[in-house]
Amino acid sequence: MDLETLSKSLLVKLDGIRLENLPILEESYRSIQLSRNLLSLFKKEILVNDFKNTNEEIIFFKEIKQIPLVKLIYFSEIHSFEVQFPKADKAAQLKFVKKKISKLNRFFLYNIDFGQYVKSGATHFDKAYYTRYHLDTYHITTSKFYFQDPDFCTPRDMLLGKFKAYISLINYMNQKKHLIKNRLNGNSMNIKPIEKIPWPFTNTDWVELLYALSASGIAKQKGLSIIRLSKILQEVFDFTPKEIYKTFQDIKNRKNSRTLFLDQLTASLLSEMDKSEE
């Protein structure tokens, strides 16, 4: 069973639900169901076949499982928030949103060290964080239950899911607050969650594109560092790069073409042009 393909398929299905322009409660409910069902399928597969090696286990809990897990947490939070959202009184609505934002900010502050680890793209604690055999050493820190099982969770995979989901929730709450302030009746709002574009390529491809954009002059115009430029791209693409500087050195040391990804993009564009002229 190709678990990675199933996760990508989930994103397509969720995007289809989003395009139906359903009320946010219905969209959330349906998205929760799909995400939970996929996690259940993953659990059954893991219990039967397990992993071939530690690296495969890390990739699953750090990347593949994160796709349905993040969506489950995100839409569960939205569903809970919208059910409790005040039906009238602009002041009460704003107060409710600000309270939620404060709670999210406390989460990031409390987990600041882990947040820095994730944002930096570091990997030195991955074995302890994203394998199931370190639960006695690194206790699960999340206090809210979503989908947790000793055979299907690691010390930090749930925390990573919350971290990613809460970043999107901050954006959702800021939109909500903006619309309340600019409308007479906040109750009429139906905010659609901001969906990032999945990055279907490799970490090396990301770094190659990142440095190409920087070399083209984009970074110099705004005085952006490579890391800052990468973070801006991460606001569009659902991807967390790893070891950017080391990866760039590896790219420079290639024996053949040092711009493999850019060459592929060029070839794809030329092919599309040729098709359009037929």
# chains A, B, ... in the order shown; residues from 1 in each chain; ligands from 1
$ residues_around --residues "Gln249 of chain A" --least-positions-apart "2" --cutoff "12 Å" --atoms "only C-alpha atoms" --output "list of chain:residue names"
A:Thr204, A:Val207, A:Glu208, A:Tyr211, A:Glu243, A:Ile244, A:Tyr245, A:Lys246, A:Thr247, A:Ile251, A:Lys252, A:Asn253, A:Arg254, A:Arg258
$ select_by_dssp --residues "segment 13-227 of chain A" --states "helix (DSSP H, G or I)" --output "number ranges by chain"
A: 13-19, 24-49, 54-64, 66-84, 90-110, 112-120, 126-129, 132-134, 157-181, 186-188, 203-215, 218-222, 226-227
$ closest_residue --among "A:Ile197, A:Ala122, A:Leu6, A:Leu109" --to "Pro68 of chain A" --atoms "only C-alpha atoms"
A:Leu6
$ residues_around --residues "Asn37 of chain A" --least-positions-apart "3" --cutoff "12 Å" --atoms "only C-alpha atoms" --output "list in words"
Leu6, Ser7, Leu10, Arg30, Ser31, Ile32, Gln33, Leu34, Ser40, Leu41, Phe42, Lys43, Lys44, Pro68, Leu69, Lys71, Leu72 and Phe147 of chain A
$ write_last_selection --atoms "C-alpha atoms" --output "PDB file, in the first residue's frame"
ATOM      1  CA  LEU A   6      -3.035   8.081  -0.203  1.00  0.00           C
ATOM      2  CA  SER A   7      -2.054  11.245   1.673  1.00  0.00           C
ATOM      3  CA  LEU A  10      -6.630  13.171   0.560  1.00  0.00           C
ATOM      4  CA  ARG A  30     -16.679  16.244   5.996  1.00  0.00           C
ATOM      5  CA  SER A  31     -12.970  17.045   6.096  1.00  0.00           C
ATOM      6  CA  ILE A  32     -12.701  15.602   9.607  1.00  0.00           C
ATOM      7  CA  GLN A  33     -14.328  12.374   8.466  1.00  0.00           C
ATOM      8  CA  LEU A  34     -11.982  11.923   5.502  1.00  0.00           C
ATOM      9  CA  SER A  40      -7.483   4.675  10.690  1.00  0.00           C
ATOM     10  CA  LEU A  41      -6.378   3.036   7.455  1.00  0.00           C
ATOM     11  CA  PHE A  42      -2.773   4.042   8.148  1.00  0.00           C
ATOM     12  CA  LYS A  43      -2.924   2.541  11.616  1.00  0.00           C
ATOM     13  CA  LYS A  44      -4.184  -0.819  10.341  1.00  0.00           C
ATOM     14  CA  PRO A  68      -4.229  13.791   7.433  1.00  0.00           C
ATOM     15  CA  LEU A  69      -3.244  14.559  11.032  1.00  0.00           C
ATOM     16  CA  LYS A  71      -6.074  18.452   8.531  1.00  0.00           C
ATOM     17  CA  LEU A  72      -7.859  16.577  11.317  1.00  0.00           C
ATOM     18  CA  PHE A 147      -5.855  10.502  17.343  1.00  0.00           C
TER      19      PHE A 147
END
$ closest_atom_pairs --of "segment 59-112 of chain A" --to "segment 156-178 of chain A" --cutoff "6 Å" --atoms "only C-alpha atoms" --output "CSV"
residue,atom,partner,partner_atom,distance
A:Phe61,CA,A:Asp157,CA,6.0
A:Gln66,CA,A:Gly161,CA,5.9
A:Val70,CA,A:Gly161,CA,4.8
A:Tyr74,CA,A:Ala165,CA,5.0
$ closest_residue --among "A:Glu235, A:Asp89, A:Glu26, A:Asp205" --to "Phe261 of chain A" --atoms "only C-alpha atoms"
A:Asp205
$ select_by_dssp --residues "segment 20-250 of chain A" --states "strand (DSSP E or B)" --output "list in words"
Ile197, Pro198, Phe237 and Asp238 of chain A
$ residues_around --residues "segment 223-234 of chain A" --least-positions-apart "6" --cutoff "8 Å" --atoms "only C-alpha atoms" --output "tab-separated table (two decimals) with C-alpha atoms, in the first residue's frame"
chain	number	residue	atom	x	y	z
A	210	LEU	CA	15.20	28.96	-3.83
A	211	TYR	CA	18.76	29.85	-4.82
A	214	SER	CA	17.68	34.62	-4.98
A	240	THR	CA	9.33	22.48	5.39
$ decode --residues "segment 99-115 of chain A" --atoms "all heavy atoms" --output "mmCIF file, in the first residue's frame"
data_model
loop_
_atom_site.group_PDB
_atom_site.id
_atom_site.type_symbol
_atom_site.label_atom_id
_atom_site.label_comp_id
_atom_site.auth_asym_id
_atom_site.auth_seq_id
_atom_site.Cartn_x
_atom_site.Cartn_y
_atom_site.Cartn_z
ATOM 1 N N LYS A 99 -9.543 35.847 22.185
ATOM 2 C CA LYS A 99 -9.254 34.836 23.197
ATOM 3 C C LYS A 99 -8.639 33.594 22.557
ATOM 4 O O LYS A 99 -7.699 32.993 23.106
ATOM 5 C CB LYS A 99 -10.544 34.470 23.936
ATOM 6 C CG LYS A 99 -10.348 33.470 25.067
ATOM 7 C CD LYS A 99 -11.665 33.199 25.785
ATOM 8 C CE LYS A 99 -11.469 32.180 26.910
ATOM 9 N NZ LYS A 99 -12.761 31.897 27.610
ATOM 10 N N LYS A 100 -9.167 33.211 21.389
ATOM 11 C CA LYS A 100 -8.642 32.043 20.687
ATOM 12 C C LYS A 100 -7.220 32.311 20.201
ATOM 13 O O LYS A 100 -6.344 31.439 20.303
ATOM 14 C CB LYS A 100 -9.550 31.701 19.500
ATOM 15 C CG LYS A 100 -9.115 30.455 18.727
ATOM 16 C CD LYS A 100 -9.168 29.211 19.590
ATOM 17 C CE LYS A 100 -8.835 27.965 18.794
ATOM 18 N NZ LYS A 100 -8.883 26.743 19.616
ATOM 19 N N ILE A 101 -6.979 33.502 19.668
ATOM 20 C CA ILE A 101 -5.639 33.852 19.191
ATOM 21 C C ILE A 101 -4.640 33.831 20.338
ATOM 22 O O ILE A 101 -3.512 33.351 20.197
ATOM 23 C CB ILE A 101 -5.644 35.231 18.504
ATOM 24 C CG1 ILE A 101 -6.436 35.160 17.191
ATOM 25 C CG2 ILE A 101 -4.220 35.712 18.234
ATOM 26 C CD1 ILE A 101 -6.591 36.497 16.487
ATOM 27 N N SER A 102 -5.052 34.327 21.501
ATOM 28 C CA SER A 102 -4.173 34.325 22.679
ATOM 29 C C SER A 102 -3.817 32.897 23.086
ATOM 30 O O SER A 102 -2.678 32.602 23.461
ATOM 31 C CB SER A 102 -4.852 35.044 23.849
ATOM 32 O OG SER A 102 -5.034 36.413 23.565
ATOM 33 N N LYS A 103 -4.792 32.007 22.992
ATOM 34 C CA LYS A 103 -4.557 30.605 23.338
ATOM 35 C C LYS A 103 -3.555 29.977 22.371
ATOM 36 O O LYS A 103 -2.661 29.223 22.787
ATOM 37 C CB LYS A 103 -5.882 29.841 23.301
ATOM 38 C CG LYS A 103 -5.756 28.379 23.709
ATOM 39 C CD LYS A 103 -7.122 27.694 23.687
ATOM 40 C CE LYS A 103 -6.993 26.221 24.073
ATOM 41 N NZ LYS A 103 -8.318 25.543 24.050
ATOM 42 N N LEU A 104 -3.692 30.294 21.087
ATOM 43 C CA LEU A 104 -2.765 29.757 20.087
ATOM 44 C C LEU A 104 -1.357 30.300 20.325
ATOM 45 O O LEU A 104 -0.369 29.563 20.228
ATOM 46 C CB LEU A 104 -3.243 30.129 18.680
ATOM 47 C CG LEU A 104 -4.559 29.479 18.223
ATOM 48 C CD1 LEU A 104 -5.015 30.078 16.901
ATOM 49 C CD2 LEU A 104 -4.399 27.970 18.084
ATOM 50 N N ASN A 105 -1.259 31.587 20.647
ATOM 51 C CA ASN A 105 0.050 32.187 20.906
ATOM 52 C C ASN A 105 0.714 31.580 22.140
ATOM 53 O O ASN A 105 1.946 31.417 22.177
ATOM 54 C CB ASN A 105 -0.084 33.698 21.075
ATOM 55 C CG ASN A 105 -0.277 34.412 19.748
ATOM 56 O OD1 ASN A 105 0.204 33.947 18.717
ATOM 57 N ND2 ASN A 105 -0.971 35.532 19.762
ATOM 58 N N ARG A 106 -0.079 31.231 23.144
ATOM 59 C CA ARG A 106 0.483 30.580 24.330
ATOM 60 C C ARG A 106 1.060 29.216 23.982
ATOM 61 O O ARG A 106 2.083 28.792 24.532
ATOM 62 C CB ARG A 106 -0.594 30.437 25.421
ATOM 63 C CG ARG A 106 -0.922 31.732 26.144
ATOM 64 C CD ARG A 106 -1.660 31.471 27.440
ATOM 65 N NE ARG A 106 -2.906 30.765 27.250
ATOM 66 C CZ ARG A 106 -4.069 31.349 27.000
ATOM 67 N NH1 ARG A 106 -4.131 32.683 26.907
ATOM 68 N NH2 ARG A 106 -5.179 30.642 26.854
ATOM 69 N N PHE A 107 0.381 28.529 23.076
ATOM 70 C CA PHE A 107 0.885 27.232 22.619
ATOM 71 C C PHE A 107 2.261 27.392 21.974
ATOM 72 O O PHE A 107 3.194 26.630 22.269
ATOM 73 C CB PHE A 107 -0.092 26.607 21.619
ATOM 74 C CG PHE A 107 0.471 25.427 20.874
ATOM 75 C CD1 PHE A 107 0.449 24.156 21.427
ATOM 76 C CD2 PHE A 107 1.042 25.587 19.608
ATOM 77 C CE1 PHE A 107 0.976 23.063 20.745
ATOM 78 C CE2 PHE A 107 1.570 24.503 18.920
ATOM 79 C CZ PHE A 107 1.541 23.240 19.497
ATOM 80 N N PHE A 108 2.400 28.377 21.083
ATOM 81 C CA PHE A 108 3.682 28.583 20.407
ATOM 82 C C PHE A 108 4.765 29.006 21.396
ATOM 83 O O PHE A 108 5.918 28.592 21.274
ATOM 84 C CB PHE A 108 3.538 29.634 19.306
ATOM 85 C CG PHE A 108 2.750 29.158 18.120
ATOM 86 C CD1 PHE A 108 1.583 29.791 17.740
ATOM 87 C CD2 PHE A 108 3.174 28.062 17.373
ATOM 88 C CE1 PHE A 108 0.851 29.353 16.650
ATOM 89 C CE2 PHE A 108 2.447 27.613 16.276
ATOM 90 C CZ PHE A 108 1.283 28.259 15.921
ATOM 91 N N LEU A 109 4.395 29.804 22.381
ATOM 92 C CA LEU A 109 5.367 30.245 23.375
ATOM 93 C C LEU A 109 5.817 29.076 24.248
ATOM 94 O O LEU A 109 7.010 28.908 24.528
ATOM 95 C CB LEU A 109 4.768 31.349 24.254
ATOM 96 C CG LEU A 109 5.686 31.948 25.322
ATOM 97 C CD1 LEU A 109 6.907 32.590 24.664
ATOM 98 C CD2 LEU A 109 4.931 32.973 26.158
ATOM 99 N N TYR A 110 4.870 28.250 24.655
ATOM 100 C CA TYR A 110 5.179 27.105 25.508
ATOM 101 C C TYR A 110 6.069 26.089 24.788
ATOM 102 O O TYR A 110 6.917 25.436 25.405
ATOM 103 C CB TYR A 110 3.874 26.429 25.947
ATOM 104 C CG TYR A 110 4.061 25.261 26.881
ATOM 105 C CD1 TYR A 110 4.345 25.462 28.232
ATOM 106 C CD2 TYR A 110 3.963 23.946 26.416
ATOM 107 C CE1 TYR A 110 4.532 24.383 29.095
ATOM 108 C CE2 TYR A 110 4.145 22.866 27.261
ATOM 109 C CZ TYR A 110 4.423 23.093 28.603
ATOM 110 O OH TYR A 110 4.623 22.028 29.450
ATOM 111 N N ASN A 111 5.881 25.981 23.468
ATOM 112 C CA ASN A 111 6.642 25.012 22.678
ATOM 113 C C ASN A 111 7.674 25.700 21.777
ATOM 114 O O ASN A 111 7.958 25.234 20.669
ATOM 115 C CB ASN A 111 5.686 24.178 21.816
ATOM 116 C CG ASN A 111 4.746 23.329 22.639
ATOM 117 O OD1 ASN A 111 5.145 22.335 23.241
ATOM 118 N ND2 ASN A 111 3.483 23.729 22.697
ATOM 119 N N ILE A 112 8.238 26.782 22.263
ATOM 120 C CA ILE A 112 9.142 27.594 21.442
ATOM 121 C C ILE A 112 10.374 26.822 20.982
ATOM 122 O O ILE A 112 10.835 26.975 19.848
ATOM 123 C CB ILE A 112 9.540 28.890 22.197
ATOM 124 C CG1 ILE A 112 10.296 29.825 21.245
ATOM 125 C CG2 ILE A 112 10.346 28.574 23.454
ATOM 126 C CD1 ILE A 112 10.501 31.209 21.824
ATOM 127 N N ASP A 113 10.917 25.960 21.848
ATOM 128 C CA ASP A 113 12.110 25.196 21.469
ATOM 129 C C ASP A 113 11.808 24.220 20.334
ATOM 130 O O ASP A 113 12.575 24.097 19.376
ATOM 131 C CB ASP A 113 12.670 24.434 22.674
ATOM 132 C CG ASP A 113 13.273 25.360 23.714
ATOM 133 O OD1 ASP A 113 13.635 26.493 23.339
ATOM 134 O OD2 ASP A 113 13.375 24.961 24.889
ATOM 135 N N PHE A 114 10.673 23.529 20.457
ATOM 136 C CA PHE A 114 10.298 22.597 19.403
ATOM 137 C C PHE A 114 10.002 23.351 18.114
ATOM 138 O O PHE A 114 10.354 22.904 17.018
ATOM 139 C CB PHE A 114 9.072 21.788 19.829
ATOM 140 C CG PHE A 114 8.616 20.788 18.797
ATOM 141 C CD1 PHE A 114 9.326 19.615 18.586
ATOM 142 C CD2 PHE A 114 7.484 21.026 18.031
ATOM 143 C CE1 PHE A 114 8.916 18.693 17.631
ATOM 144 C CE2 PHE A 114 7.065 20.110 17.076
ATOM 145 C CZ PHE A 114 7.781 18.943 16.872
ATOM 146 N N GLY A 115 9.369 24.521 18.245
ATOM 147 C CA GLY A 115 9.070 25.334 17.072
ATOM 148 C C GLY A 115 10.327 25.742 16.325
ATOM 149 O O GLY A 115 10.374 25.720 15.091
#
